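Source file: run_15.csv. Holds: CSV, C-alpha atoms and all ligand atoms.
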chain,number,residue,atom,x,y,z
F,1,MET,CA,-12.9,-3.9,-24.0
F,2,GLU,CA,-13.7,-2.9,-20.5
F,3,ARG,CA,-11.2,-0.5,-18.9
F,4,ILE,CA,-10.7,-1.5,-15.3
F,5,ALA,CA,-8.9,-0.6,-12.1
F,6,ILE,CA,-8.1,-3.1,-9.4
F,7,VAL,CA,-7.8,-1.8,-5.9
F,8,THR,CA,-6.9,-4.3,-3.1
F,9,GLY,CA,-7.7,-3.5,0.6
F,10,ALA,CA,-10.5,-1.4,-0.9
F,11,SER,CA,-13.1,-1.5,1.9
F,12,GLY,CA,-11.6,1.3,4.1
F,13,GLY,CA,-8.7,3.6,4.8
F,14,LEU,CA,-6.3,4.4,2.0
F,15,GLY,CA,-8.0,1.8,-0.3
F,16,GLU,CA,-11.4,3.6,-0.1
F,17,ALA,CA,-9.7,7.0,-0.9
F,18,PHE,CA,-8.2,5.4,-4.1
F,19,VAL,CA,-11.7,4.0,-5.0
F,20,ASP,CA,-13.1,7.5,-4.5
F,21,ARG,CA,-10.6,9.2,-6.7
F,22,ILE,CA,-10.5,6.5,-9.4
F,23,ASN,CA,-14.3,6.5,-9.6
F,24,ALA,CA,-14.1,10.1,-11.0
F,25,MET,CA,-11.7,9.1,-13.8
F,26,PRO,CA,-13.3,9.2,-17.2
F,27,ASN,CA,-10.9,6.5,-18.7
F,28,ILE,CA,-12.0,3.8,-16.1
F,29,ASP,CA,-15.3,1.9,-16.6
F,30,LYS,CA,-15.1,-0.4,-13.6
F,31,ILE,CA,-13.2,-0.8,-10.3
F,32,TRP,CA,-12.7,-4.3,-9.0
F,33,ALA,CA,-12.9,-3.4,-5.2
F,34,VAL,CA,-11.0,-6.2,-3.5
F,35,GLY,CA,-11.4,-7.0,0.2
F,36,ARG,CA,-12.3,-9.7,2.7
F,37,ASN,CA,-15.5,-8.4,4.2
F,38,PRO,CA,-18.5,-8.7,1.9
F,39,ASP,CA,-20.6,-6.3,4.0
F,40,LYS,CA,-18.0,-3.5,3.9
F,41,LEU,CA,-17.5,-4.0,0.2
F,42,GLU,CA,-21.2,-3.9,-0.5
F,43,ASN,CA,-21.4,-0.6,1.4
F,44,LEU,CA,-18.5,0.8,-0.5
F,45,CYS,CA,-19.9,-0.3,-3.9
F,46,SER,CA,-23.3,1.3,-3.0
F,47,ARG,CA,-21.5,4.7,-2.7
F,48,PHE,CA,-19.2,4.5,-5.8
F,49,SER,CA,-20.9,3.8,-9.1
F,50,LYS,CA,-18.0,2.1,-10.9
F,51,ALA,CA,-17.0,-0.2,-8.0
F,52,VAL,CA,-17.9,-3.9,-8.0
F,53,PRO,CA,-17.1,-6.1,-5.0
F,54,LEU,CA,-14.6,-8.8,-5.3
F,55,VAL,CA,-14.4,-10.8,-2.1
F,56,ALA,CA,-10.9,-12.3,-1.7
F,57,ASP,CA,-8.8,-13.3,1.3
F,58,PHE,CA,-5.1,-13.3,0.5
F,59,ASP,CA,-4.4,-15.8,3.2
F,60,SER,CA,-6.6,-18.2,1.3
F,61,ASN,CA,-7.2,-18.4,-2.5
F,62,GLY,CA,-7.7,-14.6,-3.0
F,63,VAL,CA,-4.9,-14.2,-5.6
F,64,ASP,CA,-6.1,-17.2,-7.6
F,65,LEU,CA,-9.6,-15.7,-7.7
F,66,ILE,CA,-8.4,-12.4,-9.2
F,67,THR,CA,-6.0,-14.2,-11.7
F,68,GLU,CA,-8.9,-16.5,-12.9
F,69,LYS,CA,-11.2,-13.4,-13.3
F,70,LEU,CA,-8.5,-11.7,-15.4
F,71,LYS,CA,-8.2,-14.8,-17.6
F,72,SER,CA,-12.0,-15.2,-18.1
F,73,GLU,CA,-12.8,-11.5,-18.7
F,74,SER,CA,-9.6,-10.3,-20.5
F,75,PRO,CA,-10.1,-6.7,-19.5
F,76,ASP,CA,-7.9,-3.7,-20.3
F,77,VAL,CA,-6.2,-3.1,-16.9
F,78,ARG,CA,-5.5,0.6,-16.7
F,79,LEU,CA,-4.7,0.8,-13.0
F,80,LEU,CA,-3.6,-1.7,-10.4
F,81,VAL,CA,-3.4,-0.4,-6.8
F,82,ASN,CA,-1.7,-3.0,-4.5
F,83,ASN,CA,-2.9,-1.4,-1.3
F,84,ALA,CA,-3.7,-4.3,1.0
F,85,GLY,CA,-1.1,-4.5,3.8
F,86,LEU,CA,-0.5,-6.0,7.2
F,87,ALA,CA,1.5,-4.6,10.1
F,88,TYR,CA,2.7,-6.0,13.4
F,89,LEU,CA,4.0,-3.6,16.1
F,90,GLY,CA,6.0,-5.4,18.7
F,91,ARG,CA,8.8,-7.8,19.2
F,92,PHE,CA,9.6,-10.2,16.3
F,93,GLU,CA,9.9,-13.1,18.9
F,94,ASP,CA,6.3,-12.5,20.0
F,95,MET,CA,4.8,-13.2,16.6
F,96,ASP,CA,3.7,-16.7,15.8
F,97,CYS,CA,4.9,-18.4,12.6
F,98,LYS,CA,1.5,-17.9,10.9
F,99,LYS,CA,1.7,-14.1,11.4
F,100,VAL,CA,5.3,-14.0,10.1
F,101,ALA,CA,4.2,-15.9,6.9
F,102,SER,CA,1.1,-13.8,6.5
F,103,ILE,CA,3.0,-10.5,6.5
F,104,CYS,CA,5.4,-11.8,3.9
F,105,ASN,CA,2.5,-13.1,1.9
F,106,VAL,CA,0.1,-10.0,2.0
F,107,ASN,CA,2.9,-7.4,1.8
F,108,CYS,CA,5.2,-9.0,-0.7
F,109,THR,CA,4.0,-12.2,-2.5
F,110,VAL,CA,0.5,-10.9,-3.2
F,111,PRO,CA,1.5,-7.6,-4.9
F,112,SER,CA,4.2,-9.4,-6.9
F,113,VAL,CA,1.8,-12.1,-8.2
F,114,LEU,CA,-0.9,-9.5,-8.9
F,115,MET,CA,1.5,-7.5,-11.0
F,116,ALA,CA,2.6,-10.7,-12.9
F,117,SER,CA,-1.0,-11.7,-13.5
F,118,SER,CA,-2.1,-8.2,-14.6
F,119,LEU,CA,0.8,-7.2,-16.9
F,120,PRO,CA,-0.5,-9.4,-19.8
F,121,TYR,CA,-3.7,-7.3,-19.7
F,122,MET,CA,-1.9,-3.9,-19.5
F,123,ASN,CA,-1.3,-1.6,-22.4
F,124,LYS,CA,0.6,1.6,-23.0
F,125,GLY,CA,-0.3,4.2,-20.3
F,126,ALA,CA,-1.3,1.6,-17.7
F,127,ARG,CA,-0.2,2.3,-14.2
F,128,ILE,CA,0.7,0.2,-11.1
F,129,LEU,CA,0.7,1.8,-7.6
F,130,ASN,CA,2.3,-0.3,-4.9
F,131,ILE,CA,1.6,1.0,-1.4
F,132,SER,CA,5.0,0.8,0.4
F,133,SER,CA,5.7,3.1,3.4
F,134,ALA,CA,8.2,5.6,4.9
F,135,SER,CA,9.1,2.5,7.0
F,136,SER,CA,11.0,1.4,3.9
F,137,PHE,CA,13.6,4.2,4.4
F,138,GLN,CA,15.3,2.5,7.3
F,139,PRO,CA,15.2,-0.7,9.4
F,140,ASN,CA,12.5,-0.4,12.1
F,141,PRO,CA,13.0,-2.5,15.3
F,142,PHE,CA,9.6,-3.5,16.7
F,143,LEU,CA,8.1,-3.0,13.3
F,144,SER,CA,10.7,-5.2,11.7
F,145,MET,CA,8.7,-7.5,9.3
F,146,TYR,CA,6.6,-4.6,8.1
F,147,SER,CA,9.5,-2.3,7.4
F,148,ALA,CA,11.5,-5.1,5.6
F,149,SER,CA,8.4,-6.0,3.5
F,150,LYS,CA,8.0,-2.4,2.5
F,151,VAL,CA,11.6,-2.2,1.4
F,152,TYR,CA,11.0,-5.2,-0.9
F,153,LEU,CA,7.9,-3.5,-2.4
F,154,LYS,CA,9.7,-0.2,-2.9
F,155,ASN,CA,12.7,-1.7,-4.6
F,156,LEU,CA,10.7,-4.0,-6.8
F,157,SER,CA,8.5,-1.1,-7.9
F,158,ARG,CA,11.4,1.1,-8.8
F,159,ALA,CA,13.2,-1.6,-10.7
F,160,LEU,CA,10.0,-2.5,-12.6
F,161,ASN,CA,9.3,1.1,-13.4
F,162,TYR,CA,12.6,1.1,-15.2
F,163,GLU,CA,12.1,-2.3,-16.8
F,164,LEU,CA,8.6,-1.5,-18.1
F,165,LYS,CA,9.4,1.9,-19.6
F,166,PRO,CA,9.6,0.5,-23.1
F,167,ARG,CA,6.0,-0.7,-22.8
F,168,GLY,CA,4.9,2.7,-21.4
F,169,ILE,CA,3.8,1.2,-18.1
F,170,THR,CA,4.5,3.1,-14.9
F,171,VAL,CA,5.1,1.5,-11.5
F,172,THR,CA,5.2,3.8,-8.4
F,173,ALA,CA,6.1,3.0,-4.8
F,174,VAL,CA,3.9,5.1,-2.5
F,175,CYS,CA,5.8,5.9,0.7
F,176,PRO,CA,3.6,7.7,3.2
F,177,TYR,CA,4.5,8.4,6.9
F,178,TRP,CA,1.5,8.0,9.3
F,179,VAL,CA,-1.8,7.9,7.5
F,180,ASP,CA,-5.1,8.4,9.4
F,181,THR,CA,-6.7,5.0,9.0
F,182,GLY,CA,-7.8,2.0,11.0
F,183,MET,CA,-4.4,0.5,10.8
F,184,LEU,CA,-3.1,2.8,13.5
F,185,PRO,CA,-4.2,2.1,17.1
F,186,GLN,CA,-6.0,5.2,18.5
F,187,GLU,CA,-5.2,4.9,22.2
F,188,LYS,CA,-2.9,3.3,24.6
F,189,ASN,CA,-3.8,2.8,28.3
F,190,GLY,CA,-6.8,5.1,27.9
F,191,LYS,CA,-4.8,7.9,26.4
F,192,ARG,CA,-5.2,9.1,22.8
F,193,ILE,CA,-2.1,8.5,20.7
F,194,ASN,CA,-0.9,11.5,18.7
F,195,TYR,CA,0.9,10.7,15.5
F,196,ALA,CA,3.2,13.5,14.5
F,197,GLY,CA,2.6,14.7,11.0
F,198,ILE,CA,-0.3,12.4,10.3
F,199,THR,CA,-1.8,12.7,6.8
F,200,SER,CA,-5.3,12.0,5.5
F,201,PRO,CA,-5.8,9.1,3.1
F,202,GLU,CA,-7.2,11.4,0.4
F,203,VAL,CA,-4.0,13.5,0.4
F,204,VAL,CA,-1.9,10.4,0.0
F,205,ALA,CA,-4.1,9.0,-2.8
F,206,ASP,CA,-4.2,12.3,-4.7
F,207,LYS,CA,-0.4,12.7,-4.6
F,208,ALA,CA,0.2,9.1,-5.5
F,209,LEU,CA,-2.1,9.3,-8.6
F,210,ARG,CA,-0.5,12.6,-9.7
F,211,ASP,CA,3.0,11.2,-9.3
F,212,SER,CA,2.2,8.0,-11.1
F,213,ALA,CA,0.7,10.0,-14.0
F,214,ARG,CA,4.0,11.8,-14.2
F,215,GLY,CA,5.8,8.5,-14.5
F,216,LYS,CA,7.6,8.8,-11.1
F,217,ASP,CA,8.9,5.6,-9.5
F,218,MET,CA,8.3,7.0,-6.0
F,219,SER,CA,5.6,9.1,-4.3
F,220,VAL,CA,6.5,10.6,-0.9
F,221,PRO,CA,3.4,12.5,0.2
F,222,SER,CA,4.2,14.7,3.2
F,223,PHE,CA,7.0,17.0,4.3
F,224,LEU,CA,7.8,14.7,7.3
F,225,ALA,CA,8.0,11.6,5.0
F,226,LYS,CA,10.4,13.6,2.7
F,227,TYR,CA,12.4,14.7,5.7
F,228,PHE,CA,12.8,11.1,7.0
F,229,ARG,CA,13.8,9.9,3.6
F,230,ILE,CA,16.7,12.3,3.5
F,231,TYR,CA,17.5,12.0,7.2
F,232,SER,CA,17.7,8.1,7.0
F,233,LYS,CA,19.9,8.3,3.9
F,234,TYR,CA,22.6,10.4,5.6
F,235,THR,CA,22.4,9.3,9.2
F,236,PRO,CA,24.0,6.0,10.3
F,237,SER,CA,21.3,3.3,10.7
F,238,SER,CA,22.4,2.5,14.3
F,239,ILE,CA,21.4,6.1,15.3
F,240,VAL,CA,18.1,6.1,13.3
F,241,MET,CA,17.1,2.7,14.9
F,242,ARG,CA,18.0,3.9,18.4
F,243,GLN,CA,15.8,7.1,17.9
F,244,TRP,CA,13.0,5.2,16.3
F,245,SER,CA,13.0,2.5,19.1
F,246,ALA,CA,12.9,5.2,21.8
F,247,MET,CA,9.9,6.9,20.1
F,248,ILE,CA,8.0,3.7,19.4
F,249,ARG,CA,8.4,2.0,22.8
F,250,LYS,CA,5.6,4.1,24.4
F,251,TYR,CA,3.2,2.5,21.9
F,252,LEU,CA,4.2,-1.2,22.6
F,301,LIG,N1,-1.9,3.9,8.1
F,301,LIG,C1,-0.6,4.2,8.0
F,301,LIG,O1,0.0,4.9,8.8
F,301,LIG,C2,0.2,3.7,6.8
F,301,LIG,C3,1.5,4.3,6.5
F,301,LIG,C4,2.2,3.9,5.4
F,301,LIG,C5,1.7,2.9,4.6
F,301,LIG,N2,0.5,2.3,4.9
F,301,LIG,C6,0.0,1.3,4.0
F,301,LIG,O2,-1.2,1.6,3.4
F,301,LIG,C7,-1.9,0.5,2.9
F,301,LIG,C8,-3.3,0.6,3.4
F,301,LIG,O3,-3.4,0.5,4.8
F,301,LIG,P1,-4.4,1.4,5.6
F,301,LIG,O4,-3.6,2.4,6.4
F,301,LIG,O5,-5.5,1.9,4.8
F,301,LIG,O6,-5.0,0.4,6.7
F,301,LIG,P2,-6.2,-0.6,6.7
F,301,LIG,O7,-7.5,0.2,6.7
F,301,LIG,O8,-6.0,-1.5,7.8
F,301,LIG,O9,-6.1,-1.3,5.3
F,301,LIG,C9,-5.4,-2.5,5.1
F,301,LIG,C10,-6.2,-3.3,4.1
F,301,LIG,O10,-5.4,-4.5,3.8
F,301,LIG,C11,-6.4,-5.6,3.7
F,301,LIG,N3,-5.9,-6.9,4.0
F,301,LIG,C12,-5.1,-7.2,5.1
F,301,LIG,N4,-4.9,-8.5,5.1
F,301,LIG,C13,-5.5,-9.0,4.1
F,301,LIG,C14,-5.7,-10.3,3.6
F,301,LIG,N5,-5.2,-11.4,4.2
F,301,LIG,N6,-6.5,-10.5,2.5
F,301,LIG,C15,-7.1,-9.5,1.8
F,301,LIG,N7,-6.9,-8.2,2.3
F,301,LIG,C16,-6.2,-8.0,3.4
F,301,LIG,C17,-7.5,-5.2,4.7
F,301,LIG,O11,-8.7,-5.8,4.2
F,301,LIG,P3,-10.0,-6.0,5.2
F,301,LIG,O12,-10.7,-4.7,5.1
F,301,LIG,O13,-10.7,-7.2,4.6
F,301,LIG,O14,-9.4,-6.3,6.6
F,301,LIG,C18,-7.5,-3.7,4.6
F,301,LIG,O15,-8.5,-3.2,3.7
F,301,LIG,C19,-1.2,-0.7,3.6
F,301,LIG,O16,-0.4,-1.3,2.6
F,301,LIG,C20,-0.3,-0.1,4.6
F,301,LIG,O17,0.9,-0.8,4.9
F,301,LIG,C21,-0.3,2.7,5.9
With the file now loaded, output its structure as structure tokens.
Ligand SMILES: NC(=O)c1ccc[n+]([C@@H]2O[C@H](COP(=O)([O-])OP(=O)(O)OC[C@H]3O[C@@H](n4cnc5c(N)ncnc54)[C@H](OP(=O)(O)O)[C@@H]3O)[C@@H](O)[C@H]2O)c1
Amino acid sequence: MERIAIVTGASGGLGEAFVDRINAMPNIDKIWAVGRNPDKLENLCSRFSKAVPLVADFDSNGVDLITEKLKSESPDVRLLVNNAGLAYLGRFEDMDCKKVASICNVNCTVPSVLMASSLPYMNKGARILNISSASSFQPNPFLSMYSASKVYLKNLSRALNYELKPRGITVTAVCPYWVDTGMLPQEKNGKRINYAGITSPEVVADKALRDSARGKDMSVPSFLAKYFRIYSKYTPSSIVMRQWSAMIRKYL
């Protein structure tokens, strides 16, 4: 039986870093590299021998395509990396209804359904990595939908890690602070934006894979992310939200 990894949002950023690391794993035969852009996926797959492109748009029938492929091929799913994600920085009121629904769908519904459809094909030692965020540590005004969706994914991951222990399956919520990818705007009004404590995608992927191999339900990759996790836990939310809002306004 073919031993596969599924990586969503594979065509760049953090997704590509996961494909790179998983490509070197001896216990994986094939990586289903999922993304929307066929050209980007072809380029990725030409560089990583185990990667095969799977074009899927989650705002369309993308999840059904993956579910059907699982049913028809019955692979041994060793790794599922729910990495695809969508952010909106700005006022909630300025988002149209389509955007609101899309963030809920891509950040919450899709990883949940992909876990449900993959679990029947997972055996002892299989691992799920759900890419949450340090935004899940507190409510974030002007990034409200994103941070709420990442709380959902973090709590679901941790609960499922507990629930699936008897089957020997690990579920890890990965909670990085800023990561140097295309998701972050590079400049504002002609000035380069500096993201304090920004981490490379490779550092996040390496730590996430290490933590999941150790059975951890959370992976918090940098000192700053760890610091904010503790700070948000012990500081009243009203103070954290005021500080965050003052910091983020310059990027709006
Ligand atoms: N960058 C950060 O600072 C940061 C911090 C914490 C957590 N994260 C999380 O890390 C994960 C990866 O993000 P990234 O930073 O690597 O940014 P990214 O390069 O923008 O990656 C996001 C991925 O999500 C995919 N995606 C979005 N909407 C989709 C849809 N409707 N259907 C299918 N795929 C869709 C994109 O696919 P296409 O290539 O087809 O557009 C893209 O590959 C996300 O879950 C993000 O929330 C990022």
Surrounding residues of region 137-145 of chain F excluding itself and chain neighbours under 4 positions, 8 Å, only C-alpha atoms, as a PDB file with C-alpha atoms, keeping the file's coordinate frame:
ATOM      1  CA  ALA F  87       1.500  -4.600  10.100  1.00  0.00           C
ATOM      2  CA  TYR F  88       2.700  -6.000  13.400  1.00  0.00           C
ATOM      3  CA  LEU F  89       4.000  -3.600  16.100  1.00  0.00           C
ATOM      4  CA  GLY F  90       6.000  -5.400  18.700  1.00  0.00           C
ATOM      5  CA  ARG F  91       8.800  -7.800  19.200  1.00  0.00           C
ATOM      6  CA  PHE F  92       9.600 -10.200  16.300  1.00  0.00           C
ATOM      7  CA  VAL F 100       5.300 -14.000  10.100  1.00  0.00           C
ATOM      8  CA  ILE F 103       3.000 -10.500   6.500  1.00  0.00           C
ATOM      9  CA  CYS F 104       5.400 -11.800   3.900  1.00  0.00           C
ATOM     10  CA  SER F 149       8.400  -6.000   3.500  1.00  0.00           C
ATOM     11  CA  VAL F 151      11.600  -2.200   1.400  1.00  0.00           C
ATOM     12  CA  PHE F 228      12.800  11.100   7.000  1.00  0.00           C
ATOM     13  CA  ARG F 229      13.800   9.900   3.600  1.00  0.00           C
ATOM     14  CA  SER F 232      17.700   8.100   7.000  1.00  0.00           C
ATOM     15  CA  LYS F 233      19.900   8.300   3.900  1.00  0.00           C
ATOM     16  CA  SER F 237      21.300   3.300  10.700  1.00  0.00           C
ATOM     17  CA  VAL F 240      18.100   6.100  13.300  1.00  0.00           C
ATOM     18  CA  MET F 241      17.100   2.700  14.900  1.00  0.00           C
ATOM     19  CA  TRP F 244      13.000   5.200  16.300  1.00  0.00           C
ATOM     20  CA  SER F 245      13.000   2.500  19.100  1.00  0.00           C
ATOM     21  CA  ILE F 248       8.000   3.700  19.400  1.00  0.00           C
TER      22      ILE F 248
END
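Considering all atoms listed in the file, the residue among F:Ala134, F:Gly197, F:Asp94, F:Asn161 positioned nearest to Leu252 (chain F) is F:Asp94.
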Enumerate, in order of chain and increasing residue number, the residues of chain F with an atom no farther than 8 Å from ligand LIG 301 (chain F), each with its shortest atom pair and distance in Å to one decimal, counting only C-alpha atoms and all ligand atoms, as a Markdown table.
| residue | atom | partner | partner_atom | distance |
| --- | --- | --- | --- | --- |
| F:Thr8 | CA | F:LIG301 | N7 | 6.7 |
| F:Gly9 | CA | F:LIG301 | O15 | 3.2 |
| F:Ala10 | CA | F:LIG301 | O15 | 5.3 |
| F:Ser11 | CA | F:LIG301 | O12 | 5.1 |
| F:Gly12 | CA | F:LIG301 | O7 | 5.0 |
| F:Gly13 | CA | F:LIG301 | O5 | 3.6 |
| F:Leu14 | CA | F:LIG301 | O5 | 3.8 |
| F:Gly15 | CA | F:LIG301 | O5 | 5.7 |
| F:Glu16 | CA | F:LIG301 | O5 | 7.9 |
| F:Val34 | CA | F:LIG301 | C15 | 7.4 |
| F:Gly35 | CA | F:LIG301 | O13 | 4.5 |
| F:Arg36 | CA | F:LIG301 | O13 | 3.5 |
| F:Asn37 | CA | F:LIG301 | O13 | 5.0 |
| F:Lys40 | CA | F:LIG301 | O12 | 7.5 |
| F:Ala56 | CA | F:LIG301 | C15 | 5.9 |
| F:Asp57 | CA | F:LIG301 | N6 | 3.8 |
| F:Phe58 | CA | F:LIG301 | N6 | 3.7 |
| F:Asp59 | CA | F:LIG301 | N5 | 4.6 |
| F:Ser60 | CA | F:LIG301 | N5 | 7.5 |
| F:Gly62 | CA | F:LIG301 | N6 | 7.0 |
| F:Asn82 | CA | F:LIG301 | O16 | 7.4 |
| F:Asn83 | CA | F:LIG301 | O16 | 4.6 |
| F:Ala84 | CA | F:LIG301 | O10 | 3.3 |
| F:Gly85 | CA | F:LIG301 | O16 | 3.5 |
| F:Leu86 | CA | F:LIG301 | C12 | 5.2 |
| F:Ala87 | CA | F:LIG301 | O17 | 6.5 |
| F:Ser102 | CA | F:LIG301 | N5 | 7.1 |
| F:Val106 | CA | F:LIG301 | N5 | 5.9 |
| F:Asn107 | CA | F:LIG301 | O16 | 7.0 |
| F:Ile131 | CA | F:LIG301 | O16 | 5.0 |
| F:Ser132 | CA | F:LIG301 | C5 | 5.7 |
| F:Ser133 | CA | F:LIG301 | C4 | 4.1 |
| F:Ala134 | CA | F:LIG301 | C4 | 6.3 |
| F:Ser135 | CA | F:LIG301 | C4 | 7.2 |
| F:Tyr146 | CA | F:LIG301 | O17 | 7.6 |
| F:Lys150 | CA | F:LIG301 | O17 | 7.7 |
| F:Val174 | CA | F:LIG301 | C5 | 7.8 |
| F:Cys175 | CA | F:LIG301 | C4 | 6.2 |
| F:Pro176 | CA | F:LIG301 | C4 | 4.6 |
| F:Tyr177 | CA | F:LIG301 | C3 | 5.1 |
| F:Trp178 | CA | F:LIG301 | O1 | 3.5 |
| F:Val179 | CA | F:LIG301 | O1 | 3.7 |
| F:Asp180 | CA | F:LIG301 | N1 | 5.7 |
| F:Thr181 | CA | F:LIG301 | O4 | 4.8 |
| F:Gly182 | CA | F:LIG301 | O7 | 4.7 |
| F:Met183 | CA | F:LIG301 | O8 | 3.9 |
| F:Leu184 | CA | F:LIG301 | N1 | 5.6 |
| F:Ile198 | CA | F:LIG301 | O1 | 7.7 |
| F:Pro201 | CA | F:LIG301 | O5 | 7.4 |
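Among the candidate residues F:Asp39, F:Met1, F:Thr199, F:Lys30, the one lying nearest to Val52 (chain F) is F:Lys30, with distances computed using only C-alpha atoms.
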Best match for closeness to Asn105 (chain F) among F:Asn61, F:Asn194, F:Tyr227, F:Ile66, counting only C-alpha atoms: F:Asn61
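Of the listed residues (F:Leu119, F:Ala126, F:Val220, F:Leu79), F:Ala126 comes nearest to Gly168 (chain F); the distances count only C-alpha atoms.
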One-decimal distance in Å that lies between CA of Lys188 (chain F) and CA of Tyr251 (chain F): 6.7 Å
CA of Tyr121 (chain F) to CA of Lys71 (chain F), distance in Å rounded to a single decimal: 9.0 Å
